[in-house]
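Engineer: Structure below; questions to follow.
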Amino acid sequence: MPPTPPRRFEAPDTLLILLGVAVLAVLLVPFIPAGAFRAGVPIALDTFAYSDAPLPAHLFASGDTPGLLNVLFNGLTSGDRNGSAVGVIAFVLIVGGAFGVVQATGAVERALAWLLARTGERPAVLLSTLFVAFSLGGAVFGMGEETIAFVALLLPLVRRFGYPPEVAVMATYLASQIGFGTSWMNPFSVAVAQGVAGVPLLSGAPLRMAMWATYTLAGIAFMLWYARRNRVATTPGHAAAAPVDTAGATPSARLGWPDITVIAAVLATVAWIVWGVTSAGYYIPEIATQFFALGVVAGIVGVASGRIGANAAAQAFVDGARQLLPTVLVIALAKGLLGLLGGADPHAPSVLNTLLFNLGGALQGWPELATAWGMLFTQGLLNLFVSSGSAQAAITMPLMAGLSDLVGVTRQTAVLAFQLGDGITNLVIPTSGAMMGAIGMAGVPWTRWLRVVGGFVLACFALAMVFIAIAVLTGYA
């Protein structure tokens, strides 16, 4: 018999990582002194005191007492409709369902195919427009894995113009992750982080919008520079051998009224949310309802146009929500894990407070800006091991939010450091399935991709340090 090929190493699932940490917490909590910060005064190192007794650790507990086997249920049922975990979980499921219906209408795919047909002979215009579109996709609804199919769609056109295949990845996946990391409303990254950190949902949008525009322009400039520098001459024969596949779109094709209506509904929802958050004080319940309204409108348009049936629209909502079930479980498990450590209340004895006190002591005397930069690079490093944005937010933000209180950095700045550290490293980490899928579709080895975008990633981190500095100096809240 031929020898059995060695099994390829697979990174453990995020749920397994969290469960392992929960087991470790139960084993260690009784031996780590719990502590709390004195109530009624601002949180500071000199207001901390250790409690007289360690926290108990249970395998199974009744009532509201934390226990290892209770960790998931306790996490799922913790909080209220305005915060983590119940409110954020409901928000994530509704948003996923709404975009499931939007995608089922086919409007997004047809709009991109139409765009390819209209700009196919003007490569700079085409690539720039696609970059903005995918960056918006990452910013608005967390587009990531969906870009893999569009890499395949764009490859023939990129080859026709003599560009290397990594340009197709830049215009799609790289653009989406720039949008993901600089978003003002991404429901799977910034919204989860803000909910866990106790920051008003989707607050601080003006700075993030400026940041998104700056990063998007920088990404377009880098992509066009690289494309021009590495372009090779093509011959008519070569062009004919690589026909442009635009999924049926031709220069004479037009978007139908269903496509225009659904795209307009998406844009209108974005504007409605921005107005609601900045002018009407909308929070998790209202924003979730706005996304649900988008799903209803998309479903009505899809059914009325004959694109999908009523049952198919309902199933699309279910499927969209189902795709985010792993995110929901991660949020719940992380929240339950926090309970095993004693909770996030700074005035109640917990191991988390002890960790914050010791970490704050180690950073005592550091400038606020240096601490904020440290948060940025710490989040980038952690993303190598926990590549899910929502998972990383659920795991790290309780600690980072408390640390920001201790060192005088606003919680909004801590969220900003998280989303930038997470989003920028998404461009290169080999543990990201979406990134490996995108460059794999283009036939680009990871080592080559790293050489191509490594300098750009470093520039993105330098730019991130600038925005973090602006946040610290302005007291970003």
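We label chains A, B, ... in the order they appear in the structure tokens, count residues from 1 in each chain, and number ligands from 1 in the order shown.
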Find the residues around region 179-182 of chain A up to 8 Å (only C-alpha atoms counted), leave out those fewer than 3 positions away in its own chain, and share them as a compact mmCIF listing (two decimals) with C-alpha atoms, in the first residue's frame.
Structural biologist:
# COMPACT_ATOMS: atom_id res chain seq x y z
CA PHE A 134 -15.24 46.44 -3.03
CA SER A 135 -13.89 48.80 -0.38
CA LEU A 136 -17.47 49.95 0.23
CA GLY A 137 -18.52 46.31 0.34
CA GLY A 138 -16.01 45.63 3.10
CA ALA A 139 -16.99 48.77 4.99
CA VAL A 140 -20.76 48.34 4.81
CA GLY A 142 -17.96 43.02 5.83
CA MET A 143 -17.28 41.53 2.40
CA ALA A 175 -9.91 46.61 -1.45
CA SER A 176 -12.51 44.82 0.64
CA ASN A 186 -19.03 47.10 9.63
CA SER A 189 -15.93 44.19 13.27
CA ARG A 208 -13.59 56.67 10.36
CA MET A 209 -15.16 57.95 7.12
CA MET A 211 -9.91 57.28 7.35
CA TRP A 212 -11.77 55.04 4.87
CA TYR A 215 -6.92 54.41 2.83
CA THR A 216 -9.05 53.75 -0.25
CA GLN A 419 -10.07 47.50 13.74
CA LEU A 420 -6.91 48.88 12.13
CA GLY A 421 -4.65 46.17 13.55
CA ASP A 422 -7.11 43.50 12.48
CA GLY A 423 -7.91 44.93 9.04
CA ILE A 424 -4.37 45.73 7.92
Engineer: Report as a ChimeraX atom specification: the residues of region 243-359 of chain A with a DSSP assignment of alpha helix (DSSP H), based on the backbone of this structure.
Structural biologist: /A:257-279,284-304,310-322,325-340,351-359
Engineer: Store the residues of this selection in a file with C-alpha atoms, as a compact mmCIF listing (two decimals), in the first residue's frame.
Structural biologist:
# COMPACT_ATOMS: atom_id res chain seq x y z
CA TRP A 257 -35.19 48.09 -12.47
CA PRO A 258 -34.80 45.41 -9.76
CA ASP A 259 -31.02 45.88 -9.74
CA ILE A 260 -31.25 49.67 -9.61
CA THR A 261 -33.90 49.53 -6.88
CA VAL A 262 -31.95 47.14 -4.65
CA ILE A 263 -28.66 49.04 -5.02
CA ALA A 264 -30.51 52.31 -4.30
CA ALA A 265 -32.07 50.68 -1.23
CA VAL A 266 -28.64 49.68 0.07
CA LEU A 267 -27.30 53.21 -0.38
CA ALA A 268 -30.42 54.72 1.16
CA THR A 269 -30.08 52.42 4.18
CA VAL A 270 -26.49 53.54 4.69
CA ALA A 271 -27.58 57.19 4.58
CA TRP A 272 -30.51 56.46 6.92
CA ILE A 273 -28.22 54.77 9.45
CA VAL A 274 -25.69 57.61 9.36
CA TRP A 275 -28.48 60.13 9.96
CA GLY A 276 -30.06 58.02 12.68
CA VAL A 277 -26.82 57.53 14.60
CA THR A 278 -25.59 61.12 14.34
CA SER A 279 -28.89 63.03 14.62
CA ILE A 284 -28.61 48.68 18.40
CA PRO A 285 -32.41 48.07 18.25
CA GLU A 286 -33.04 50.86 15.75
CA ILE A 287 -30.06 50.06 13.53
CA ALA A 288 -30.97 46.38 13.43
CA THR A 289 -34.48 47.38 12.38
CA GLN A 290 -33.09 49.56 9.60
CA PHE A 291 -31.18 46.58 8.21
CA PHE A 292 -34.30 44.43 8.52
CA ALA A 293 -36.19 47.04 6.50
CA LEU A 294 -33.51 46.73 3.80
CA GLY A 295 -34.03 42.97 3.73
CA VAL A 296 -37.80 43.39 3.41
CA VAL A 297 -37.43 45.88 0.53
CA ALA A 298 -34.94 43.63 -1.28
CA GLY A 299 -37.26 40.65 -0.80
CA ILE A 300 -40.28 42.53 -2.17
CA VAL A 301 -38.28 43.69 -5.18
CA GLY A 302 -36.96 40.19 -5.79
CA VAL A 303 -40.40 38.61 -5.61
CA ALA A 304 -42.14 41.34 -7.64
CA ALA A 310 -41.45 34.42 -1.63
CA ASN A 311 -40.25 31.20 0.00
CA ALA A 312 -36.82 31.64 -1.57
CA ALA A 313 -36.61 35.17 -0.14
CA ALA A 314 -37.44 33.87 3.32
CA GLN A 315 -34.90 31.07 2.92
CA ALA A 316 -32.28 33.59 1.78
CA PHE A 317 -32.81 35.50 5.02
CA VAL A 318 -32.42 32.29 7.02
CA ASP A 319 -29.30 31.31 5.08
CA GLY A 320 -27.77 34.75 5.56
CA ALA A 321 -28.36 34.58 9.29
CA ARG A 322 -27.12 30.98 9.40
CA LEU A 325 -24.08 31.55 13.49
CA PRO A 326 -20.36 30.84 14.10
CA THR A 327 -19.91 34.55 14.85
CA VAL A 328 -22.84 34.44 17.28
CA LEU A 329 -21.38 31.45 19.11
CA VAL A 330 -17.99 33.12 19.32
CA ILE A 331 -19.52 36.26 20.83
CA ALA A 332 -21.51 34.17 23.33
CA LEU A 333 -18.59 31.95 24.31
CA ALA A 334 -16.30 34.94 24.78
CA LYS A 335 -18.93 36.62 26.95
CA GLY A 336 -19.35 33.45 28.99
CA LEU A 337 -15.57 33.21 29.38
CA LEU A 338 -15.61 36.73 30.78
CA GLY A 339 -18.06 35.49 33.39
CA LEU A 340 -15.64 32.75 34.47
CA VAL A 351 -9.47 38.17 37.73
CA LEU A 352 -9.87 40.50 34.74
CA ASN A 353 -9.51 43.49 37.07
CA THR A 354 -6.33 41.94 38.48
CA LEU A 355 -4.93 41.50 34.96
CA LEU A 356 -5.82 45.09 34.11
CA PHE A 357 -4.17 46.38 37.29
CA ASN A 358 -0.93 44.54 36.58
CA LEU A 359 -0.90 45.46 32.89
Engineer: With distances taken over only C-alpha atoms, which residue among A:Val192, A:Leu463, A:Met397, A:Met375 lies nearest Val86 (chain A)?
Structural biologist: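 Comparing A:Val192, A:Leu463, A:Met397, A:Met375 against Val86 (chain A), the winner is A:Val192.
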Engineer: Quick one: residues within 12 Å of Ile470 (chain A), only C-alpha atoms counted, chain neighbours fewer than 4 positions away excluded, as a PyMOL selection string?
Structural biologist: chain A and resi 207-208+210-211+368-369+372-373+409+413+416-417+463-466+474-477
Engineer: Residues as selected, N, CA and C atoms, written as a short mmCIF file (atom, residue, chain, number, x, y, z; two decimals), in the first residue's frame, can you do that?
Structural biologist:
data_model
loop_
_atom_site.label_atom_id
_atom_site.label_comp_id
_atom_site.auth_asym_id
_atom_site.auth_seq_id
_atom_site.Cartn_x
_atom_site.Cartn_y
_atom_site.Cartn_z
N LEU A 207 -14.52 60.50 11.82
CA LEU A 207 -13.10 60.20 11.66
C LEU A 207 -12.91 58.93 10.86
N ARG A 208 -13.74 57.93 11.10
CA ARG A 208 -13.59 56.67 10.36
C ARG A 208 -13.92 56.85 8.88
N ALA A 210 -13.37 59.57 7.14
CA ALA A 210 -12.17 60.20 6.57
C ALA A 210 -11.04 59.19 6.43
N MET A 211 -10.94 58.31 7.40
CA MET A 211 -9.91 57.28 7.35
C MET A 211 -10.17 56.33 6.19
N GLU A 368 0.46 58.27 26.59
CA GLU A 368 -0.80 57.71 26.09
C GLU A 368 -0.67 57.26 24.64
N LEU A 369 0.05 58.03 23.86
CA LEU A 369 0.19 57.69 22.45
C LEU A 369 0.94 56.38 22.28
N ALA A 372 -1.41 53.54 23.02
CA ALA A 372 -2.36 53.32 21.94
C ALA A 372 -1.70 52.62 20.76
N TRP A 373 -0.46 53.02 20.43
CA TRP A 373 0.26 52.33 19.36
C TRP A 373 0.53 50.88 19.74
N VAL A 409 -6.55 56.48 27.72
CA VAL A 409 -6.91 56.44 26.31
C VAL A 409 -8.41 56.15 26.22
N THR A 413 -10.81 54.99 21.00
CA THR A 413 -9.47 54.82 20.44
C THR A 413 -9.03 53.37 20.50
N LEU A 416 -10.62 51.69 17.69
CA LEU A 416 -9.93 52.08 16.46
C LEU A 416 -8.65 51.29 16.28
N ALA A 417 -7.90 51.12 17.36
CA ALA A 417 -6.66 50.33 17.29
C ALA A 417 -6.96 48.89 16.93
N LEU A 463 0.39 54.82 8.41
CA LEU A 463 -0.80 55.67 8.32
C LEU A 463 -1.73 55.43 9.51
N ALA A 464 -1.82 54.17 9.95
CA ALA A 464 -2.64 53.86 11.12
C ALA A 464 -2.11 54.57 12.36
N MET A 465 -0.79 54.64 12.49
CA MET A 465 -0.21 55.34 13.63
C MET A 465 -0.57 56.82 13.61
N VAL A 466 -0.68 57.38 12.42
CA VAL A 466 -1.08 58.78 12.30
C VAL A 466 -2.52 58.96 12.79
N THR A 474 -7.03 64.22 20.11
CA THR A 474 -8.33 64.88 20.10
C THR A 474 -9.29 64.28 21.12
N GLY A 475 -8.84 63.27 21.88
CA GLY A 475 -9.74 62.64 22.83
C GLY A 475 -10.92 61.96 22.15
N TYR A 476 -10.63 61.25 21.10
CA TYR A 476 -11.65 60.62 20.24
C TYR A 476 -12.66 59.83 21.06
N ALA A 477 -13.92 60.19 20.92
CA ALA A 477 -14.97 59.53 21.71
C ALA A 477 -16.20 59.28 20.85
#
Engineer: Which value, in Å to one decimal, gives the distance between CA of Trp446 (chain A) and CA of Leu381 (chain A)?
Structural biologist: 18.2 Å
Engineer: Any idea what the distance is between CA of Ala168 (chain A) and CA of Leu154 (chain A)?
Structural biologist: 6.0 Å
Engineer: Using only C-alpha atoms, pick whichever of A:Ala401, A:Val151, A:Ile89, A:Ala44 has the shortest atom-to-atom distance to Ala442 (chain A).
Structural biologist: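 Nearest to Ala442 (chain A): A:Val151.
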Engineer: Would you kindly return, as a list in words, each protein, DNA or RNA residue with an atom no farther than 12 Å from any atom of Trp225 (chain A), considering only C-alpha atoms and excluding same-chain residues fewer than 2 positions away?
Structural biologist: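 Contacts, with the query itself left out: Ala124, Leu127, Ser128, Tyr163, Val167, Met170, Ala218, Gly219, Ile220, Ala221, Phe222, Met223, Ala227, Arg228, Arg229, Asn230, Arg231, Val452 and Phe456 of chain A.
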Engineer: So that I have them on file, write out the residues from the current selection with C-alpha atoms, as a compact mmCIF listing (two decimals), in the first residue's frame.
Structural biologist:
# COMPACT_ATOMS: atom_id res chain seq x y z
CA ALA A 124 -7.46 52.53 -14.89
CA LEU A 127 -9.75 49.07 -11.59
CA SER A 128 -10.32 52.26 -9.61
CA TYR A 163 -1.39 43.06 -15.88
CA VAL A 167 -3.83 43.08 -9.66
CA MET A 170 -5.84 44.00 -5.23
CA ALA A 218 -3.90 55.12 -1.05
CA GLY A 219 -4.91 51.60 -2.10
CA ILE A 220 -5.99 52.77 -5.55
CA ALA A 221 -2.71 54.65 -6.01
CA PHE A 222 -0.69 51.58 -5.01
CA MET A 223 -2.69 49.26 -7.26
CA ALA A 227 -0.21 47.61 -12.49
CA ARG A 228 1.58 50.16 -14.69
CA ARG A 229 5.03 49.13 -13.48
CA ASN A 230 4.44 45.43 -14.15
CA ARG A 231 2.38 45.64 -17.33
CA VAL A 452 4.27 42.41 -3.59
CA PHE A 456 2.18 48.71 1.21
